[in-house]
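Student: Got a file for you: data-v6.pdb, PDB, C-alpha atoms and all ligand atoms.
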```
ATOM      1  CA  MET A 290     -19.093   4.117 -19.479  1.00  0.00           C
ATOM      2  CA  SER A 291     -19.553   7.730 -18.290  1.00  0.00           C
ATOM      3  CA  THR A 292     -17.861  10.593 -20.151  1.00  0.00           C
ATOM      4  CA  PRO A 293     -14.688  11.807 -18.377  1.00  0.00           C
ATOM      5  CA  ARG A 294     -14.979  15.419 -17.161  1.00  0.00           C
ATOM      6  CA  ARG A 295     -11.543  16.280 -18.466  1.00  0.00           C
ATOM      7  CA  LEU A 296     -10.303  18.131 -21.555  1.00  0.00           C
ATOM      8  CA  LEU A 297      -6.883  18.047 -23.190  1.00  0.00           C
ATOM      9  CA  LEU A 298      -5.484  21.500 -24.011  1.00  0.00           C
ATOM     10  CA  VAL A 299      -2.766  21.305 -26.674  1.00  0.00           C
ATOM     11  CA  ASN A 300      -0.541  24.202 -27.659  1.00  0.00           C
ATOM     12  CA  GLY A 301       1.848  23.613 -30.530  1.00  0.00           C
ATOM     13  CA  PRO A 302       5.258  24.928 -31.540  1.00  0.00           C
ATOM     14  CA  ASN A 303       6.438  28.343 -30.381  1.00  0.00           C
ATOM     15  CA  LEU A 304       3.402  29.022 -28.200  1.00  0.00           C
ATOM     16  CA  ASN A 305       5.724  28.727 -25.176  1.00  0.00           C
ATOM     17  CA  LEU A 306       6.905  32.189 -26.335  1.00  0.00           C
ATOM     18  CA  LEU A 307       3.542  33.833 -25.684  1.00  0.00           C
ATOM     19  CA  GLY A 308       3.927  37.093 -23.813  1.00  0.00           C
ATOM     20  CA  THR A 309       7.608  37.401 -24.673  1.00  0.00           C
ATOM     21  CA  ARG A 310       7.583  38.267 -28.425  1.00  0.00           C
ATOM     22  CA  GLU A 311       5.226  39.803 -30.999  1.00  0.00           C
ATOM     23  CA  PRO A 312       2.703  41.201 -28.464  1.00  0.00           C
ATOM     24  CA  GLU A 313       1.120  43.216 -31.286  1.00  0.00           C
ATOM     25  CA  ILE A 314      -0.063  39.899 -32.795  1.00  0.00           C
ATOM     26  CA  TYR A 315      -0.372  37.525 -29.854  1.00  0.00           C
ATOM     27  CA  GLY A 316      -0.876  39.869 -26.867  1.00  0.00           C
ATOM     28  CA  ALA A 317       0.978  40.133 -23.586  1.00  0.00           C
ATOM     29  CA  GLN A 318      -0.382  37.096 -21.781  1.00  0.00           C
ATOM     30  CA  THR A 319       1.806  34.050 -21.246  1.00  0.00           C
ATOM     31  CA  LEU A 320       1.215  30.359 -21.867  1.00  0.00           C
ATOM     32  CA  ALA A 321       0.699  29.967 -18.105  1.00  0.00           C
ATOM     33  CA  ASP A 322      -2.066  32.614 -18.318  1.00  0.00           C
ATOM     34  CA  VAL A 323      -3.684  30.692 -21.206  1.00  0.00           C
ATOM     35  CA  GLU A 324      -3.606  27.424 -19.290  1.00  0.00           C
ATOM     36  CA  ALA A 325      -5.022  29.098 -16.147  1.00  0.00           C
ATOM     37  CA  LEU A 326      -7.835  30.728 -18.159  1.00  0.00           C
ATOM     38  CA  ALA A 327      -8.745  27.403 -19.777  1.00  0.00           C
ATOM     39  CA  ALA A 328      -8.695  25.638 -16.395  1.00  0.00           C
ATOM     40  CA  GLN A 329     -10.876  28.317 -14.751  1.00  0.00           C
ATOM     41  CA  THR A 330     -13.376  28.244 -17.611  1.00  0.00           C
ATOM     42  CA  ALA A 331     -13.544  24.457 -17.576  1.00  0.00           C
ATOM     43  CA  ALA A 332     -13.916  24.402 -13.774  1.00  0.00           C
ATOM     44  CA  THR A 333     -17.095  26.483 -13.961  1.00  0.00           C
ATOM     45  CA  HIS A 334     -18.608  23.486 -15.786  1.00  0.00           C
ATOM     46  CA  GLY A 335     -17.052  20.872 -13.517  1.00  0.00           C
ATOM     47  CA  PHE A 336     -14.298  19.941 -16.000  1.00  0.00           C
ATOM     48  CA  GLU A 337     -10.550  19.693 -15.458  1.00  0.00           C
ATOM     49  CA  ILE A 338      -7.816  20.486 -17.980  1.00  0.00           C
ATOM     50  CA  ASP A 339      -4.706  18.499 -18.866  1.00  0.00           C
ATOM     51  CA  ALA A 340      -2.398  20.981 -20.604  1.00  0.00           C
ATOM     52  CA  ILE A 341       0.527  20.266 -22.896  1.00  0.00           C
ATOM     53  CA  GLN A 342       2.723  22.494 -25.025  1.00  0.00           C
ATOM     54  CA  SER A 343       5.488  21.096 -27.165  1.00  0.00           C
ATOM     55  CA  ASN A 344       7.735  22.174 -30.002  1.00  0.00           C
ATOM     56  CA  HIS A 345       7.913  18.537 -31.142  1.00  0.00           C
ATOM     57  CA  GLU A 346       5.221  17.102 -33.374  1.00  0.00           C
ATOM     58  CA  GLY A 347       5.605  13.511 -32.107  1.00  0.00           C
ATOM     59  CA  VAL A 348       5.136  14.619 -28.492  1.00  0.00           C
ATOM     60  CA  LEU A 349       1.873  16.291 -29.483  1.00  0.00           C
ATOM     61  CA  LEU A 350       0.720  13.138 -31.302  1.00  0.00           C
ATOM     62  CA  ASP A 351       1.475  10.990 -28.241  1.00  0.00           C
ATOM     63  CA  ALA A 352      -0.522  13.336 -25.993  1.00  0.00           C
ATOM     64  CA  ILE A 353      -3.472  13.269 -28.412  1.00  0.00           C
ATOM     65  CA  HIS A 354      -3.387   9.456 -28.574  1.00  0.00           C
ATOM     66  CA  ALA A 355      -3.269   9.268 -24.757  1.00  0.00           C
ATOM     67  CA  ALA A 356      -6.372  11.471 -24.493  1.00  0.00           C
ATOM     68  CA  ARG A 357      -8.437   8.599 -25.866  1.00  0.00           C
ATOM     69  CA  GLY A 358     -10.171   7.109 -22.855  1.00  0.00           C
ATOM     70  CA  SER A 359      -9.109   9.828 -20.411  1.00  0.00           C
ATOM     71  CA  CYS A 360     -10.554  13.019 -21.948  1.00  0.00           C
ATOM     72  CA  ALA A 361     -13.934  14.043 -23.327  1.00  0.00           C
ATOM     73  CA  GLY A 362     -12.511  16.470 -25.910  1.00  0.00           C
ATOM     74  CA  ILE A 363      -9.475  18.375 -27.148  1.00  0.00           C
ATOM     75  CA  VAL A 364      -8.849  22.126 -27.379  1.00  0.00           C
ATOM     76  CA  ILE A 365      -5.930  22.734 -29.706  1.00  0.00           C
ATOM     77  CA  ASN A 366      -3.933  25.631 -31.046  1.00  0.00           C
ATOM     78  CA  PRO A 367      -1.589  23.758 -33.370  1.00  0.00           C
ATOM     79  CA  GLY A 368       0.540  26.857 -34.044  1.00  0.00           C
ATOM     80  CA  GLY A 369       2.303  26.681 -37.400  1.00  0.00           C
ATOM     81  CA  LEU A 370       1.494  22.948 -37.692  1.00  0.00           C
ATOM     82  CA  THR A 371      -2.046  24.101 -38.509  1.00  0.00           C
ATOM     83  CA  HIS A 372      -0.873  24.881 -42.020  1.00  0.00           C
ATOM     84  CA  THR A 373       1.499  21.968 -42.620  1.00  0.00           C
ATOM     85  CA  SER A 374       0.655  18.843 -40.674  1.00  0.00           C
ATOM     86  CA  VAL A 375      -1.301  15.939 -42.103  1.00  0.00           C
ATOM     87  CA  VAL A 376      -0.071  13.706 -39.254  1.00  0.00           C
ATOM     88  CA  LEU A 377      -1.517  16.018 -36.610  1.00  0.00           C
ATOM     89  CA  ARG A 378      -4.834  16.048 -38.423  1.00  0.00           C
ATOM     90  CA  ASP A 379      -4.747  12.228 -38.722  1.00  0.00           C
ATOM     91  CA  ALA A 380      -4.096  11.871 -34.971  1.00  0.00           C
ATOM     92  CA  LEU A 381      -7.042  14.134 -34.128  1.00  0.00           C
ATOM     93  CA  ALA A 382      -9.308  12.211 -36.494  1.00  0.00           C
ATOM     94  CA  ALA A 383      -8.086   8.847 -35.152  1.00  0.00           C
ATOM     95  CA  VAL A 384      -8.953   9.477 -31.499  1.00  0.00           C
ATOM     96  CA  ASN A 385     -12.515  10.378 -32.460  1.00  0.00           C
ATOM     97  CA  LEU A 386     -12.985  13.012 -29.733  1.00  0.00           C
ATOM     98  CA  PRO A 387     -14.646  16.390 -30.316  1.00  0.00           C
ATOM     99  CA  VAL A 388     -12.014  19.012 -31.160  1.00  0.00           C
ATOM    100  CA  ALA A 389     -11.985  22.795 -30.741  1.00  0.00           C
ATOM    101  CA  GLU A 390      -9.423  24.574 -32.947  1.00  0.00           C
ATOM    102  CA  VAL A 391      -8.349  27.946 -31.601  1.00  0.00           C
ATOM    103  CA  HIS A 392      -6.115  30.655 -33.036  1.00  0.00           C
ATOM    104  CA  ILE A 393      -5.174  33.765 -31.109  1.00  0.00           C
ATOM    105  CA  SER A 394      -4.764  35.900 -34.217  1.00  0.00           C
ATOM    106  CA  ASN A 395      -7.196  36.199 -37.103  1.00  0.00           C
ATOM    107  CA  VAL A 396      -5.520  33.776 -39.493  1.00  0.00           C
ATOM    108  CA  HIS A 397      -7.890  34.867 -42.279  1.00  0.00           C
ATOM    109  CA  GLU A 398      -6.522  38.405 -42.239  1.00  0.00           C
ATOM    110  CA  ARG A 399      -2.817  37.538 -42.307  1.00  0.00           C
ATOM    111  CA  GLU A 400      -0.592  35.909 -44.936  1.00  0.00           C
ATOM    112  CA  GLU A 401      -2.310  33.719 -47.552  1.00  0.00           C
ATOM    113  CA  PHE A 402      -0.574  30.545 -46.275  1.00  0.00           C
ATOM    114  CA  ARG A 403      -2.303  30.902 -42.882  1.00  0.00           C
ATOM    115  CA  ARG A 404      -5.779  30.624 -44.447  1.00  0.00           C
ATOM    116  CA  HIS A 405      -5.576  26.867 -44.916  1.00  0.00           C
ATOM    117  CA  SER A 406      -5.840  24.589 -41.896  1.00  0.00           C
ATOM    118  CA  TYR A 407      -5.345  20.815 -42.041  1.00  0.00           C
ATOM    119  CA  VAL A 408      -7.201  20.603 -38.727  1.00  0.00           C
ATOM    120  CA  SER A 409     -10.358  22.587 -39.507  1.00  0.00           C
ATOM    121  CA  ASP A 410     -12.446  19.846 -41.013  1.00  0.00           C
ATOM    122  CA  VAL A 411     -11.864  17.484 -38.083  1.00  0.00           C
ATOM    123  CA  ALA A 412     -12.791  20.220 -35.576  1.00  0.00           C
ATOM    124  CA  ALA A 413     -16.354  20.788 -34.361  1.00  0.00           C
ATOM    125  CA  VAL A 414     -15.511  24.244 -32.955  1.00  0.00           C
ATOM    126  CA  HIS A 415     -13.433  27.011 -34.576  1.00  0.00           C
ATOM    127  CA  VAL A 416     -12.331  30.168 -32.772  1.00  0.00           C
ATOM    128  CA  VAL A 417     -10.086  32.732 -34.473  1.00  0.00           C
ATOM    129  CA  GLY A 418      -8.990  36.257 -33.737  1.00  0.00           C
ATOM    130  CA  GLU A 419     -10.322  36.605 -30.176  1.00  0.00           C
ATOM    131  CA  GLY A 420      -6.861  36.828 -28.642  1.00  0.00           C
ATOM    132  CA  VAL A 421      -6.111  34.681 -25.604  1.00  0.00           C
ATOM    133  CA  GLN A 422      -9.764  35.012 -24.536  1.00  0.00           C
ATOM    134  CA  GLY A 423     -10.513  32.725 -27.479  1.00  0.00           C
ATOM    135  CA  TYR A 424      -9.331  29.777 -25.372  1.00  0.00           C
ATOM    136  CA  ALA A 425     -12.202  30.453 -22.929  1.00  0.00           C
ATOM    137  CA  THR A 426     -14.638  30.603 -25.854  1.00  0.00           C
ATOM    138  CA  ALA A 427     -13.234  27.346 -27.225  1.00  0.00           C
ATOM    139  CA  VAL A 428     -13.561  25.572 -23.857  1.00  0.00           C
ATOM    140  CA  GLU A 429     -17.162  26.821 -23.433  1.00  0.00           C
ATOM    141  CA  ARG A 430     -18.192  25.783 -26.941  1.00  0.00           C
ATOM    142  CA  LEU A 431     -16.456  22.404 -26.729  1.00  0.00           C
ATOM    143  CA  ILE A 432     -18.203  21.616 -23.432  1.00  0.00           C
ATOM    144  CA  ALA A 433     -21.521  22.525 -25.098  1.00  0.00           C
ATOM    145  CA  VAL A 434     -20.735  20.027 -27.889  1.00  0.00           C
ATOM    146  CA  ILE A 435     -19.858  17.332 -25.326  1.00  0.00           C
ATOM    147  CA  ALA A 436     -23.077  18.038 -23.394  1.00  0.00           C
ATOM    148  CA  GLY A 437     -25.043  17.734 -26.634  1.00  0.00           C
ATOM    149  CA  GLN A 438     -23.436  14.357 -27.390  1.00  0.00           C
ATOM    150  CA  ALA A 439     -24.280  13.093 -23.884  1.00  0.00           C
ATOM    151  CA  GLU A 440     -27.955  14.039 -24.416  1.00  0.00           C
ATOM    152  CA  GLY A 441     -28.172  12.440 -27.861  1.00  0.00           C
TER     153      GLY A 441
HETATM  154  O1  LIG A 501      -2.918  32.819 -34.119  1.00  0.00           O
HETATM  155  C1  LIG A 501      -2.535  31.736 -33.686  1.00  0.00           C
HETATM  156  O2  LIG A 501      -2.844  31.300 -32.581  1.00  0.00           O
HETATM  157  C2  LIG A 501      -1.569  30.880 -34.524  1.00  0.00           C
HETATM  158  O3  LIG A 501      -1.962  29.512 -34.374  1.00  0.00           O
HETATM  159  C3  LIG A 501      -0.185  31.101 -33.969  1.00  0.00           C
HETATM  160  C4  LIG A 501       0.913  30.406 -34.785  1.00  0.00           C
HETATM  161  C5  LIG A 501       0.787  30.753 -36.263  1.00  0.00           C
HETATM  162  O4  LIG A 501       1.733  29.996 -37.010  1.00  0.00           O
HETATM  163  C6  LIG A 501      -0.605  30.456 -36.790  1.00  0.00           C
HETATM  164  O5  LIG A 501      -0.665  30.834 -38.141  1.00  0.00           O
HETATM  165  C7  LIG A 501      -1.643  31.224 -35.998  1.00  0.00           C
HETATM  166  C8  LIG A 501       2.290  30.844 -34.305  1.00  0.00           C
HETATM  167  C9  LIG A 501       2.550  30.537 -32.875  1.00  0.00           C
HETATM  168  C10 LIG A 501       3.784  31.264 -32.479  1.00  0.00           C
HETATM  169  O6  LIG A 501       3.540  31.837 -31.224  1.00  0.00           O
HETATM  170  C11 LIG A 501       4.327  32.879 -30.844  1.00  0.00           C
HETATM  171  C12 LIG A 501       3.940  33.519 -29.705  1.00  0.00           C
HETATM  172  C13 LIG A 501       4.644  34.590 -29.257  1.00  0.00           C
HETATM  173  C14 LIG A 501       5.743  35.009 -29.942  1.00  0.00           C
HETATM  174  C15 LIG A 501       6.149  34.347 -31.069  1.00  0.00           C
HETATM  175  C16 LIG A 501       5.443  33.273 -31.536  1.00  0.00           C
END
```
Would you put the structure from the file into structure tokens?

Tutor:
Amino acid sequence: MSTPRRLLLVNGPNLNLLGTREPEIYGAQTLADVEALAAQTAATHGFEIDAIQSNHEGVLLDAIHAARGSCAGIVINPGGLTHTSVVLRDALAAVNLPVAEVHISNVHEREEFRRHSYVSDVAAVHVVGEGVQGYATAVERLIAVIAGQAEG
């Protein structure tokens, strides 16, 4: 079966607030801007984006499960769930799709508790501290991973 030319973009809790609070950390761009940037970047490689943001862990898990069979990979900013959620990590591992983990801020230069990610070791791509532009980097690098898989 051919690889679907579609990526799932997942934004976790509180990322719906982008552009409305804490611009000194997360910038002035909105979630809609993030989703448009990801879609434009993907389109230059002939990929489409399915985007979801939720403040509810189970909704995110359902979207990740549904990506199996319909998407070639997952770009995810898990928000605060990065540092707490074994179930999110298990869902990403279970669907067996390449994952790009993206963080707007540099999580390594903030509070100690942000340095550990439950998602990192199931992700093939890691982007931190590039601001919203990091989503474009994550899409580009994930598509390169998918292209490499298709060759091999
Ligand atoms: O830097 C990132 O992208 C984070 O994933 C953002 C999470 C934080 O818990 C992670 O440690 C790093 C927080 C998302 C909250 O997003 C907001 C956006 C605007 C205003 C308030 C919160």

Student: Given the choices A:Ile435, A:Ala355, A:Ala380, A:Ile393, which gets closest to ligand LIG 501 (chain A) if the distance is worked out from all atoms listed in the file?

Tutor: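 For ligand LIG 501 (chain A), the nearest of the candidates is A:Ile393.
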
Student: Show me which residues line ligand LIG 501 (chain A), defined as having an atom within 10 Å of a ligand atom where only C-alpha atoms and all ligand atoms count, and present them as a ChimeraX atom specification.

Tutor: /A:300-320,365-373,390-397,399-406,416-421,423-424

Student: So that I can check the surroundings of Leu381 of chain A, please list as a ChimeraX atom specification every protein, DNA and RNA residue that reaches within 9 Å of it, counting all atoms listed in the file and ignoring chain neighbours fewer than 2 positions away.

Tutor: /A:350,353-354,363,376-379,383-388,408,411-412

Student: Write the selection just made, keeping C-alpha atoms, as a PDB file, keeping the file's coordinate frame?

Tutor:
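Output below, filename again.pdb:
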```pdb
ATOM      1  CA  LEU A 350       0.720  13.138 -31.302  1.00  0.00           C
ATOM      2  CA  ILE A 353      -3.472  13.269 -28.412  1.00  0.00           C
ATOM      3  CA  HIS A 354      -3.387   9.456 -28.574  1.00  0.00           C
ATOM      4  CA  ILE A 363      -9.475  18.375 -27.148  1.00  0.00           C
ATOM      5  CA  VAL A 376      -0.071  13.706 -39.254  1.00  0.00           C
ATOM      6  CA  LEU A 377      -1.517  16.018 -36.610  1.00  0.00           C
ATOM      7  CA  ARG A 378      -4.834  16.048 -38.423  1.00  0.00           C
ATOM      8  CA  ASP A 379      -4.747  12.228 -38.722  1.00  0.00           C
ATOM      9  CA  ALA A 383      -8.086   8.847 -35.152  1.00  0.00           C
ATOM     10  CA  VAL A 384      -8.953   9.477 -31.499  1.00  0.00           C
ATOM     11  CA  ASN A 385     -12.515  10.378 -32.460  1.00  0.00           C
ATOM     12  CA  LEU A 386     -12.985  13.012 -29.733  1.00  0.00           C
ATOM     13  CA  PRO A 387     -14.646  16.390 -30.316  1.00  0.00           C
ATOM     14  CA  VAL A 388     -12.014  19.012 -31.160  1.00  0.00           C
ATOM     15  CA  VAL A 408      -7.201  20.603 -38.727  1.00  0.00           C
ATOM     16  CA  VAL A 411     -11.864  17.484 -38.083  1.00  0.00           C
ATOM     17  CA  ALA A 412     -12.791  20.220 -35.576  1.00  0.00           C
TER      18      ALA A 412
END
```

Student: Provide the atom CA of Ala331 of chain A to atom CA of Val428 of chain A distance in Å, to one decimal place.

Tutor: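 Straight-line distance from atom CA of Ala331 of chain A to atom CA of Val428 of chain A works out to 6.4 Å.
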
Student: As an exercise, work out the distance from atom CA of Ala427 of chain A to atom CA of Asp351 of chain A in Å and give it to one decimal place.

Tutor: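 Result for atom CA of Ala427 of chain A versus atom CA of Asp351 of chain A: 22.0 Å, one decimal.
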
Student: Would you work out the distance separating atom CA of Ala327 of chain A from atom CA of Ile432 of chain A, expressed in Å to one decimal?

Tutor: 11.7 Å

Student: For segment 333-339 of chain A, list every protein, DNA or RNA residue within 12 Å, evaluated using all atoms listed in the file, and leave out those in the same chain fewer than 6 positions away; present the list as a PyMOL selection string.

Tutor: chain A and resi 292-300+323-327+352-353+355-356+359-365+424-425+428-433+435-436

Student: For the residues in that selection, give me C-alpha atoms as an mmCIF file, in the coordinates of the input.

Tutor:
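The result, stored in part.cif:
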```cif
data_model
loop_
_atom_site.group_PDB
_atom_site.id
_atom_site.type_symbol
_atom_site.label_atom_id
_atom_site.label_comp_id
_atom_site.auth_asym_id
_atom_site.auth_seq_id
_atom_site.Cartn_x
_atom_site.Cartn_y
_atom_site.Cartn_z
ATOM 1 C CA THR A 292 -17.861 10.593 -20.151
ATOM 2 C CA PRO A 293 -14.688 11.807 -18.377
ATOM 3 C CA ARG A 294 -14.979 15.419 -17.161
ATOM 4 C CA ARG A 295 -11.543 16.280 -18.466
ATOM 5 C CA LEU A 296 -10.303 18.131 -21.555
ATOM 6 C CA LEU A 297 -6.883 18.047 -23.190
ATOM 7 C CA LEU A 298 -5.484 21.500 -24.011
ATOM 8 C CA VAL A 299 -2.766 21.305 -26.674
ATOM 9 C CA ASN A 300 -0.541 24.202 -27.659
ATOM 10 C CA VAL A 323 -3.684 30.692 -21.206
ATOM 11 C CA GLU A 324 -3.606 27.424 -19.290
ATOM 12 C CA ALA A 325 -5.022 29.098 -16.147
ATOM 13 C CA LEU A 326 -7.835 30.728 -18.159
ATOM 14 C CA ALA A 327 -8.745 27.403 -19.777
ATOM 15 C CA ALA A 352 -0.522 13.336 -25.993
ATOM 16 C CA ILE A 353 -3.472 13.269 -28.412
ATOM 17 C CA ALA A 355 -3.269 9.268 -24.757
ATOM 18 C CA ALA A 356 -6.372 11.471 -24.493
ATOM 19 C CA SER A 359 -9.109 9.828 -20.411
ATOM 20 C CA CYS A 360 -10.554 13.019 -21.948
ATOM 21 C CA ALA A 361 -13.934 14.043 -23.327
ATOM 22 C CA GLY A 362 -12.511 16.470 -25.910
ATOM 23 C CA ILE A 363 -9.475 18.375 -27.148
ATOM 24 C CA VAL A 364 -8.849 22.126 -27.379
ATOM 25 C CA ILE A 365 -5.930 22.734 -29.706
ATOM 26 C CA TYR A 424 -9.331 29.777 -25.372
ATOM 27 C CA ALA A 425 -12.202 30.453 -22.929
ATOM 28 C CA VAL A 428 -13.561 25.572 -23.857
ATOM 29 C CA GLU A 429 -17.162 26.821 -23.433
ATOM 30 C CA ARG A 430 -18.192 25.783 -26.941
ATOM 31 C CA LEU A 431 -16.456 22.404 -26.729
ATOM 32 C CA ILE A 432 -18.203 21.616 -23.432
ATOM 33 C CA ALA A 433 -21.521 22.525 -25.098
ATOM 34 C CA ILE A 435 -19.858 17.332 -25.326
ATOM 35 C CA ALA A 436 -23.077 18.038 -23.394
#
```

Student: Go through A:Gly358, A:Ala389, A:Ser409, A:Ala328 one by one, measure the shortest atom-to-atom distance of each to Val434 of chain A using only C-alpha atoms, and give the residue with the smallest value.

Tutor: A:Ala389

Student: Output as AutoDock Vina command-line options the centre and edge lengths (Å, one decimal) of the box along x, y and z of the file that holds every listed atom of segment 324-341 of chain A after adding 3 Å on each side.

Tutor:
```
--center_x -9.0 --center_y 24.6 --center_z -18.2 --size_x 25.1 --size_y 18.2 --size_z 15.4
```
